[in-house]
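Inspection log for the structure reproduced underneath, given as structure tokens.
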Amino acid sequence: MVTAAHPLPPLPRATARPPRAMAVRHLGPNWYACVMGTAVVASAGAALPLHVPGLRPALTAVWASSALLLLVLLVARALHWVHHRDQARAHLLDPAVAPFYGCLSMALLAVGGGALSVGRDWIGTGPAVALDAVLFTAGTVIGLAAAVAVPYLMAVRHRVAPEQAAPTWLLPLVAPMVSAALGPHLVPHLPAGQPRETLLLACFALFGLSLLATLVMLPLVFARLLTGGPLPLALTPTLFLVLGPLGQSTTAVGAFAQVAPGVVPQPYDEGFRLFAVLYGVPVMGFALLWLCLAAALVVRARRHGMRFAMTWWSFTFPVGTCVTGAEALARQTGLVAYDGLTLALYAVLAAAWAVAAWHTARGLLSGALLAGPAPAPSEPRPATARTR
């Protein structure tokens, strides 16, 4: 007896492209590192000890691209929180992702600082000061919130072991140091007297907050590296993140010394100048030591098959802070050696930014960087008489 087969329901038609909201589902806070790395290329290049025709307009164009990228990412992250709150909460509860929320603060601060250093050539000094003031305020508030919230989550919600210590743990702690380094540039634009002194000393307090927190966290990272062996290949570039608080703190003390005269009474203004040299020289020395160590481990990881990942942006902003730190020491000491160090580090920064930007653009065009994690392979089916 033959029975009529019931027709199967039609298969759903595949959409030509995923909805826009789905395109940002896996967009994490680590993407703000692109903004940071691009903006620091412009701001660090503005104080280079050489004059190249056309360099200033090129740097201003790089800053403008960082500002545009920041705007795009803010919109995309807003869509992420509106349409994918489950994923956003999962990011906060993931100890590997939550520290990257410090990058939002630093992206805002980097673009704001770039507006005052090079962006004013296109938008004017008045709008540049206003933009920097808004982004500095927002970035500082967000940075302080991240510096408290992320360690709190790590203590009460995350479950981390000492062998999981990673340089990314420094990200929310270094954000206030970026505020400390960039805030002094707004001091001359405030009314003379207490407003200027208040902002300068507030930046000095942010410097101390971030420095002490870093000194607590950095030994965990160093001990993990020495006792636990090299980091996983994809995470090896994050070793460069240790340069961030080192270079940024040297930049900060140089900025304090530059604006202190006439803002704070004597002898405190002279104290800032002395502190810039007595602190900056040894810290920059340790930064160069760490740069060599991190570079050696990156070369090793590359030989073992390290491929491009978004962690490659760790090569940009931290190195940029060392560039600005060397620039600050060159101003305070007058030594040509620091001018040479500035140029060498900036060459490294420019090359690292070009490589990271190229691979990121390729990953975006191919869709690989915004794709979700690959599903785990399924369990093999047991062998049977039919499958053997």
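To be explicit about the labels: the chains of the structure tokens are called A, B, and onward in the order shown, and within each one the residues are counted from 1, while ligands get numbers from 1 in the order they are shown.
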
Polymer residues at most 10 Å from Gln87 (chain A), only C-alpha atoms, same-chain spacing of 3 or more positions, as a PyMOL selection string: chain A and resi 25-28+80-81+83-84+90-93

What are the closest atom pairs, with distances in Å to one decimal, for all residues of region 108-201 of chain A lying within 10 Å of region 250-261 of chain A? Consider only C-alpha atoms, order rows by chain and residue number, and present the result as JSON lines.
```
{"residue": "A:Met177", "atom": "CA", "partner": "A:Ala252", "partner_atom": "CA", "distance": 7.5}
{"residue": "A:Val178", "atom": "CA", "partner": "A:Ala252", "partner_atom": "CA", "distance": 7.9}
{"residue": "A:Ser179", "atom": "CA", "partner": "A:Ala252", "partner_atom": "CA", "distance": 8.8}
{"residue": "A:Ala180", "atom": "CA", "partner": "A:Ala252", "partner_atom": "CA", "distance": 5.9}
{"residue": "A:Ala181", "atom": "CA", "partner": "A:Ala252", "partner_atom": "CA", "distance": 3.8}
{"residue": "A:Leu182", "atom": "CA", "partner": "A:Ala252", "partner_atom": "CA", "distance": 7.4}
{"residue": "A:Gly183", "atom": "CA", "partner": "A:Ala255", "partner_atom": "CA", "distance": 8.7}
{"residue": "A:Pro184", "atom": "CA", "partner": "A:Ala255", "partner_atom": "CA", "distance": 6.1}
{"residue": "A:His185", "atom": "CA", "partner": "A:Ala255", "partner_atom": "CA", "distance": 7.5}
{"residue": "A:Leu186", "atom": "CA", "partner": "A:Val259", "partner_atom": "CA", "distance": 9.7}
{"residue": "A:Val187", "atom": "CA", "partner": "A:Val259", "partner_atom": "CA", "distance": 7.3}
{"residue": "A:Pro188", "atom": "CA", "partner": "A:Val259", "partner_atom": "CA", "distance": 7.6}
{"residue": "A:Arg196", "atom": "CA", "partner": "A:Ala260", "partner_atom": "CA", "distance": 9.4}
{"residue": "A:Glu197", "atom": "CA", "partner": "A:Ala260", "partner_atom": "CA", "distance": 8.4}
{"residue": "A:Leu200", "atom": "CA", "partner": "A:Phe256", "partner_atom": "CA", "distance": 7.1}
{"residue": "A:Leu201", "atom": "CA", "partner": "A:Phe256", "partner_atom": "CA", "distance": 9.0}
```

Can I get the selection written as a PDB file, in the first residue's frame, with C-alpha atoms?
```pdb
ATOM      1  CA  MET A 177      46.278  58.630  34.477  1.00  0.00           C
ATOM      2  CA  VAL A 178      45.241  59.649  30.959  1.00  0.00           C
ATOM      3  CA  SER A 179      43.031  62.331  32.531  1.00  0.00           C
ATOM      4  CA  ALA A 180      45.989  63.427  34.662  1.00  0.00           C
ATOM      5  CA  ALA A 181      48.204  63.773  31.585  1.00  0.00           C
ATOM      6  CA  LEU A 182      45.702  65.626  29.372  1.00  0.00           C
ATOM      7  CA  GLY A 183      43.917  67.790  31.941  1.00  0.00           C
ATOM      8  CA  PRO A 184      46.802  70.268  32.398  1.00  0.00           C
ATOM      9  CA  HIS A 185      46.418  71.385  28.781  1.00  0.00           C
ATOM     10  CA  LEU A 186      43.066  72.898  29.764  1.00  0.00           C
ATOM     11  CA  VAL A 187      44.544  74.825  32.703  1.00  0.00           C
ATOM     12  CA  PRO A 188      45.635  77.920  30.691  1.00  0.00           C
ATOM     13  CA  ARG A 196      43.497  76.802  37.399  1.00  0.00           C
ATOM     14  CA  GLU A 197      45.071  75.596  40.632  1.00  0.00           C
ATOM     15  CA  LEU A 200      46.030  71.157  38.242  1.00  0.00           C
ATOM     16  CA  LEU A 201      45.885  69.635  41.730  1.00  0.00           C
TER      17      LEU A 201
END
```

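Computed from the coordinates, the CA of Thr316 (chain A) to CA of Ala352 (chain A) distance equals 6.0 Å.
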
Counting only C-alpha atoms, the option among A:Val148, A:Ala133, A:Val62, A:Ile123 closest to Tyr101 (chain A):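 Residue with the minimum atom-to-atom distance to Tyr101 (chain A): A:Val148.
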
Pick from A:Ser210, A:Thr227, A:Gln194, A:Thr38, whichever lies nearest to Pro318 (chain A) using only C-alpha atoms: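 Checking each candidate against Pro318 (chain A), we get A:Thr38 as the closest.
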
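Neighbouring residues of Leu109 (chain A) at 8 Å or closer, counting only C-alpha atoms and skipping chain neighbours under 2 positions away, are Ser105, Met106, Ala107, Val111, Gly112, Gly113, Asp132, Leu135, Phe136, Gly139, Thr140, Val178, Ser179 and Leu182 of chain A.
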
Same residues, C-alpha atoms, output as an mmCIF file, in the first residue's frame:
```cif
data_model
loop_
_atom_site.group_PDB
_atom_site.id
_atom_site.type_symbol
_atom_site.label_atom_id
_atom_site.label_comp_id
_atom_site.auth_asym_id
_atom_site.auth_seq_id
_atom_site.Cartn_x
_atom_site.Cartn_y
_atom_site.Cartn_z
ATOM 1 C CA SER A 105 37.226 56.648 28.935
ATOM 2 C CA MET A 106 40.624 56.727 27.250
ATOM 3 C CA ALA A 107 39.080 57.008 23.774
ATOM 4 C CA VAL A 111 40.145 62.502 20.995
ATOM 5 C CA GLY A 112 39.604 65.493 23.281
ATOM 6 C CA GLY A 113 43.325 65.964 23.806
ATOM 7 C CA ASP A 132 38.178 68.952 24.854
ATOM 8 C CA LEU A 135 35.278 64.944 26.370
ATOM 9 C CA PHE A 136 37.711 65.420 29.265
ATOM 10 C CA GLY A 139 36.145 60.623 30.017
ATOM 11 C CA THR A 140 37.285 61.398 33.555
ATOM 12 C CA VAL A 178 45.241 59.649 30.959
ATOM 13 C CA SER A 179 43.031 62.331 32.531
ATOM 14 C CA LEU A 182 45.702 65.626 29.372
#
```

Residues flagged alpha helix (DSSP H) by DSSP in region 285-346 of chain A, as a PyMOL selection string: chain A and resi 285-303+317-333+336-346

Write to file, as a compact mmCIF listing (two decimals), in the first residue's frame, the residues of the selection just made, with N, CA and C atoms.
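Resulting contents of part_31.txt:
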```
# COMPACT_ATOMS: atom_id res chain seq x y z
N GLY A 285 63.18 54.65 31.90
CA GLY A 285 64.15 53.57 31.78
C GLY A 285 63.50 52.21 31.95
N PHE A 286 62.61 52.08 32.95
CA PHE A 286 61.91 50.81 33.12
C PHE A 286 60.98 50.53 31.94
N ALA A 287 60.37 51.58 31.39
CA ALA A 287 59.50 51.39 30.23
C ALA A 287 60.28 50.81 29.05
N LEU A 288 61.51 51.29 28.84
CA LEU A 288 62.32 50.75 27.74
C LEU A 288 62.70 49.30 28.01
N LEU A 289 62.97 48.98 29.28
CA LEU A 289 63.25 47.58 29.64
C LEU A 289 62.05 46.70 29.32
N TRP A 290 60.86 47.15 29.72
CA TRP A 290 59.66 46.35 29.46
C TRP A 290 59.36 46.27 27.97
N LEU A 291 59.64 47.34 27.24
CA LEU A 291 59.43 47.32 25.79
C LEU A 291 60.27 46.23 25.14
N CYS A 292 61.51 46.10 25.55
CA CYS A 292 62.38 45.06 24.98
C CYS A 292 61.88 43.67 25.35
N LEU A 293 61.47 43.49 26.62
CA LEU A 293 60.95 42.19 27.05
C LEU A 293 59.68 41.82 26.30
N ALA A 294 58.75 42.77 26.21
CA ALA A 294 57.49 42.50 25.51
C ALA A 294 57.73 42.22 24.04
N ALA A 295 58.64 42.98 23.41
CA ALA A 295 58.93 42.76 21.99
C ALA A 295 59.53 41.37 21.77
N ALA A 296 60.40 40.93 22.67
CA ALA A 296 61.00 39.59 22.53
C ALA A 296 59.92 38.51 22.63
N LEU A 297 58.98 38.68 23.54
CA LEU A 297 57.92 37.69 23.69
C LEU A 297 56.96 37.72 22.49
N VAL A 298 56.74 38.88 21.91
CA VAL A 298 55.90 38.98 20.72
C VAL A 298 56.57 38.28 19.54
N VAL A 299 57.89 38.48 19.38
CA VAL A 299 58.61 37.78 18.32
C VAL A 299 58.50 36.27 18.51
N ARG A 300 58.64 35.82 19.75
CA ARG A 300 58.49 34.38 20.03
C ARG A 300 57.09 33.89 19.66
N ALA A 301 56.07 34.67 20.06
CA ALA A 301 54.69 34.27 19.75
C ALA A 301 54.45 34.24 18.26
N ARG A 302 55.03 35.21 17.54
CA ARG A 302 54.85 35.23 16.09
C ARG A 302 55.46 33.99 15.45
N ARG A 303 56.62 33.58 15.95
CA ARG A 303 57.25 32.37 15.41
C ARG A 303 56.43 31.13 15.73
N PHE A 317 48.57 52.63 21.37
CA PHE A 317 48.41 53.67 22.39
C PHE A 317 49.50 53.61 23.47
N PRO A 318 49.82 52.42 24.02
CA PRO A 318 50.89 52.40 25.03
C PRO A 318 52.23 52.93 24.52
N VAL A 319 52.58 52.57 23.29
CA VAL A 319 53.82 53.11 22.72
C VAL A 319 53.70 54.62 22.52
N GLY A 320 52.50 55.08 22.15
CA GLY A 320 52.28 56.51 22.00
C GLY A 320 52.49 57.27 23.30
N THR A 321 52.11 56.67 24.44
CA THR A 321 52.35 57.35 25.71
C THR A 321 53.85 57.45 26.00
N CYS A 322 54.62 56.48 25.55
CA CYS A 322 56.08 56.56 25.72
C CYS A 322 56.66 57.65 24.83
N VAL A 323 56.06 57.86 23.65
CA VAL A 323 56.49 58.95 22.79
C VAL A 323 56.28 60.29 23.49
N THR A 324 55.08 60.51 24.02
CA THR A 324 54.80 61.78 24.70
C THR A 324 55.61 61.91 25.98
N GLY A 325 55.89 60.78 26.65
CA GLY A 325 56.75 60.83 27.83
C GLY A 325 58.17 61.25 27.48
N ALA A 326 58.71 60.71 26.39
CA ALA A 326 60.05 61.10 25.95
C ALA A 326 60.06 62.57 25.51
N GLU A 327 58.99 63.02 24.88
CA GLU A 327 58.89 64.44 24.51
C GLU A 327 58.93 65.32 25.75
N ALA A 328 58.22 64.91 26.80
CA ALA A 328 58.21 65.69 28.04
C ALA A 328 59.60 65.76 28.67
N LEU A 329 60.32 64.64 28.66
CA LEU A 329 61.67 64.64 29.23
C LEU A 329 62.62 65.48 28.39
N ALA A 330 62.43 65.49 27.07
CA ALA A 330 63.26 66.33 26.22
C ALA A 330 63.06 67.81 26.55
N ARG A 331 61.81 68.21 26.83
CA ARG A 331 61.55 69.60 27.19
C ARG A 331 62.17 69.96 28.54
N GLN A 332 62.06 69.05 29.50
CA GLN A 332 62.52 69.36 30.85
C GLN A 332 64.03 69.29 30.99
N THR A 333 64.69 68.41 30.26
CA THR A 333 66.13 68.23 30.39
C THR A 333 66.93 68.93 29.31
N VAL A 336 69.45 66.05 23.85
CA VAL A 336 69.18 65.59 22.49
C VAL A 336 68.87 64.10 22.46
N ALA A 337 69.39 63.37 23.44
CA ALA A 337 69.15 61.92 23.48
C ALA A 337 67.65 61.63 23.56
N TYR A 338 66.92 62.44 24.31
CA TYR A 338 65.48 62.21 24.42
C TYR A 338 64.75 62.59 23.13
N ASP A 339 65.30 63.57 22.40
CA ASP A 339 64.73 63.87 21.07
C ASP A 339 64.88 62.66 20.15
N GLY A 340 66.05 62.04 20.19
CA GLY A 340 66.26 60.86 19.36
C GLY A 340 65.36 59.71 19.78
N LEU A 341 65.19 59.54 21.10
CA LEU A 341 64.29 58.48 21.59
C LEU A 341 62.86 58.75 21.14
N THR A 342 62.45 60.01 21.17
CA THR A 342 61.10 60.37 20.72
C THR A 342 60.88 59.95 19.27
N LEU A 343 61.83 60.27 18.41
CA LEU A 343 61.69 59.94 16.99
C LEU A 343 61.67 58.43 16.77
N ALA A 344 62.53 57.70 17.49
CA ALA A 344 62.58 56.25 17.32
C ALA A 344 61.27 55.60 17.76
N LEU A 345 60.75 56.04 18.91
CA LEU A 345 59.50 55.47 19.40
C LEU A 345 58.33 55.84 18.50
N TYR A 346 58.37 57.05 17.93
CA TYR A 346 57.26 57.43 17.04
C TYR A 346 57.29 56.61 15.76
```

Pro95 (chain A) environment, 12 Å, only C-alpha atoms, sequence neighbours closer than 3 positions dropped, as a PyMOL selection string: chain A and resi 89-92+98-101+150-161+164-166+168-169

Coordinates-based distance that separates CA of Ser117 (chain A) from CA of Ala46 (chain A) (Å, one decimal):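 Interatomic distance, CA of Ala46 (chain A) to CA of Ser117 (chain A): 6.7 Å.
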
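CA of Arg224 (chain A) to CA of Leu209 (chain A) spans 23.6 Å [interatomic distance, one decimal].
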
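Among the candidates A:Val174, A:Leu235, A:Met306, A:Met36, the residue lying nearest to Gln248 (chain A) is A:Val174 (atoms considered: only C-alpha atoms).
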
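Checking A:Gly244, A:Pro127, A:Pro167, A:Gly262 one by one against Gly37 (chain A), counting only C-alpha atoms, you find the shortest gap at A:Gly244.
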
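Restricting the calculation to only C-alpha atoms, the smallest distance between Gly247 (chain A) and any of A:Gly280, A:Gly305, A:Gly193, A:Pro53 is found for A:Gly280.
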
Exercise: Val24 (chain A) partners within 12 Å, only C-alpha atoms, chain neighbours under 3 positions left out, as a PyMOL selection string: chain A and resi 18-21+27-29+31+72-85+87-88+364+367+369-372

Using the selection just defined, write its residues with N, CA and C atoms as a PDB file, in the first residue's frame.
```pdb
ATOM      1  N   PRO A  18      22.506  40.229   7.392  1.00  0.00           N
ATOM      2  CA  PRO A  18      21.925  40.246   8.713  1.00  0.00           C
ATOM      3  C   PRO A  18      21.432  41.636   9.068  1.00  0.00           C
ATOM      4  N   PRO A  19      20.452  41.736   9.969  1.00  0.00           N
ATOM      5  CA  PRO A  19      19.997  43.055  10.389  1.00  0.00           C
ATOM      6  C   PRO A  19      21.144  43.854  10.987  1.00  0.00           C
ATOM      7  N   ARG A  20      21.002  45.195  10.935  1.00  0.00           N
ATOM      8  CA  ARG A  20      22.070  46.042  11.455  1.00  0.00           C
ATOM      9  C   ARG A  20      22.318  45.776  12.933  1.00  0.00           C
ATOM     10  N   ALA A  21      21.259  45.509  13.660  1.00  0.00           N
ATOM     11  CA  ALA A  21      21.430  45.257  15.088  1.00  0.00           C
ATOM     12  C   ALA A  21      22.258  44.003  15.330  1.00  0.00           C
ATOM     13  N   LEU A  27      30.243  43.186  19.129  1.00  0.00           N
ATOM     14  CA  LEU A  27      31.113  44.354  19.187  1.00  0.00           C
ATOM     15  C   LEU A  27      31.404  44.667  20.656  1.00  0.00           C
ATOM     16  N   GLY A  28      32.604  44.378  21.095  1.00  0.00           N
ATOM     17  CA  GLY A  28      32.962  44.559  22.496  1.00  0.00           C
ATOM     18  C   GLY A  28      33.590  45.911  22.772  1.00  0.00           C
ATOM     19  N   PRO A  29      33.791  46.255  24.049  1.00  0.00           N
ATOM     20  CA  PRO A  29      34.409  47.538  24.398  1.00  0.00           C
ATOM     21  C   PRO A  29      35.867  47.626  23.983  1.00  0.00           C
ATOM     22  N   TRP A  31      36.962  47.560  21.147  1.00  0.00           N
ATOM     23  CA  TRP A  31      37.065  48.291  19.888  1.00  0.00           C
ATOM     24  C   TRP A  31      37.447  49.749  20.089  1.00  0.00           C
ATOM     25  N   VAL A  72      31.224  56.803  15.404  1.00  0.00           N
ATOM     26  CA  VAL A  72      30.638  55.569  14.869  1.00  0.00           C
ATOM     27  C   VAL A  72      30.555  54.502  15.956  1.00  0.00           C
ATOM     28  N   LEU A  73      31.615  54.358  16.746  1.00  0.00           N
ATOM     29  CA  LEU A  73      31.623  53.336  17.784  1.00  0.00           C
ATOM     30  C   LEU A  73      30.637  53.656  18.899  1.00  0.00           C
ATOM     31  N   LEU A  74      30.470  54.930  19.234  1.00  0.00           N
ATOM     32  CA  LEU A  74      29.485  55.287  20.262  1.00  0.00           C
ATOM     33  C   LEU A  74      28.074  54.904  19.810  1.00  0.00           C
ATOM     34  N   VAL A  75      27.771  55.154  18.541  1.00  0.00           N
ATOM     35  CA  VAL A  75      26.455  54.773  18.013  1.00  0.00           C
ATOM     36  C   VAL A  75      26.314  53.252  17.992  1.00  0.00           C
ATOM     37  N   ALA A  76      27.355  52.565  17.542  1.00  0.00           N
ATOM     38  CA  ALA A  76      27.293  51.106  17.469  1.00  0.00           C
ATOM     39  C   ALA A  76      27.160  50.483  18.858  1.00  0.00           C
ATOM     40  N   ARG A  77      27.884  51.009  19.827  1.00  0.00           N
ATOM     41  CA  ARG A  77      27.787  50.468  21.186  1.00  0.00           C
ATOM     42  C   ARG A  77      26.430  50.787  21.805  1.00  0.00           C
ATOM     43  N   ALA A  78      25.837  51.920  21.441  1.00  0.00           N
ATOM     44  CA  ALA A  78      24.483  52.216  21.917  1.00  0.00           C
ATOM     45  C   ALA A  78      23.491  51.199  21.361  1.00  0.00           C
ATOM     46  N   LEU A  79      23.624  50.860  20.070  1.00  0.00           N
ATOM     47  CA  LEU A  79      22.778  49.818  19.489  1.00  0.00           C
ATOM     48  C   LEU A  79      23.018  48.482  20.182  1.00  0.00           C
ATOM     49  N   HIS A  80      24.255  48.229  20.533  1.00  0.00           N
ATOM     50  CA  HIS A  80      24.592  46.977  21.218  1.00  0.00           C
ATOM     51  C   HIS A  80      23.853  46.875  22.546  1.00  0.00           C
ATOM     52  N   TRP A  81      23.849  47.957  23.325  1.00  0.00           N
ATOM     53  CA  TRP A  81      23.173  47.928  24.631  1.00  0.00           C
ATOM     54  C   TRP A  81      21.655  47.880  24.489  1.00  0.00           C
ATOM     55  N   VAL A  82      21.120  48.496  23.427  1.00  0.00           N
ATOM     56  CA  VAL A  82      19.665  48.506  23.243  1.00  0.00           C
ATOM     57  C   VAL A  82      19.169  47.142  22.777  1.00  0.00           C
ATOM     58  N   HIS A  83      19.862  46.544  21.817  1.00  0.00           N
ATOM     59  CA  HIS A  83      19.369  45.319  21.186  1.00  0.00           C
ATOM     60  C   HIS A  83      19.986  44.038  21.738  1.00  0.00           C
ATOM     61  N   HIS A  84      21.099  44.147  22.425  1.00  0.00           N
ATOM     62  CA  HIS A  84      21.804  42.942  22.891  1.00  0.00           C
ATOM     63  C   HIS A  84      22.239  43.106  24.343  1.00  0.00           C
ATOM     64  N   ARG A  85      21.278  43.412  25.191  1.00  0.00           N
ATOM     65  CA  ARG A  85      21.631  43.626  26.594  1.00  0.00           C
ATOM     66  C   ARG A  85      22.166  42.356  27.240  1.00  0.00           C
ATOM     67  N   GLN A  87      24.129  40.187  25.867  1.00  0.00           N
ATOM     68  CA  GLN A  87      25.546  40.121  25.527  1.00  0.00           C
ATOM     69  C   GLN A  87      26.335  41.192  26.281  1.00  0.00           C
ATOM     70  N   ALA A  88      25.743  42.380  26.426  1.00  0.00           N
ATOM     71  CA  ALA A  88      26.424  43.455  27.150  1.00  0.00           C
ATOM     72  C   ALA A  88      26.638  43.071  28.604  1.00  0.00           C
ATOM     73  N   LEU A 364      37.223  43.752   8.888  1.00  0.00           N
ATOM     74  CA  LEU A 364      35.879  44.314   8.801  1.00  0.00           C
ATOM     75  C   LEU A 364      35.245  44.024   7.442  1.00  0.00           C
ATOM     76  N   GLY A 367      34.213  40.528   7.323  1.00  0.00           N
ATOM     77  CA  GLY A 367      33.231  40.156   8.335  1.00  0.00           C
ATOM     78  C   GLY A 367      33.772  39.289   9.448  1.00  0.00           C
ATOM     79  N   LEU A 369      35.952  39.944  11.871  1.00  0.00           N
ATOM     80  CA  LEU A 369      36.139  40.559  13.180  1.00  0.00           C
ATOM     81  C   LEU A 369      34.831  40.757  13.939  1.00  0.00           C
ATOM     82  N   LEU A 370      33.720  40.844  13.224  1.00  0.00           N
ATOM     83  CA  LEU A 370      32.425  41.036  13.892  1.00  0.00           C
ATOM     84  C   LEU A 370      31.639  39.739  13.987  1.00  0.00           C
ATOM     85  N   ALA A 371      32.223  38.647  13.540  1.00  0.00           N
ATOM     86  CA  ALA A 371      31.538  37.357  13.630  1.00  0.00           C
ATOM     87  C   ALA A 371      31.591  36.850  15.063  1.00  0.00           C
ATOM     88  N   GLY A 372      30.610  36.078  15.424  1.00  0.00           N
ATOM     89  CA  GLY A 372      30.577  35.490  16.754  1.00  0.00           C
ATOM     90  C   GLY A 372      31.610  34.397  16.901  1.00  0.00           C
TER      91      GLY A 372
END
```
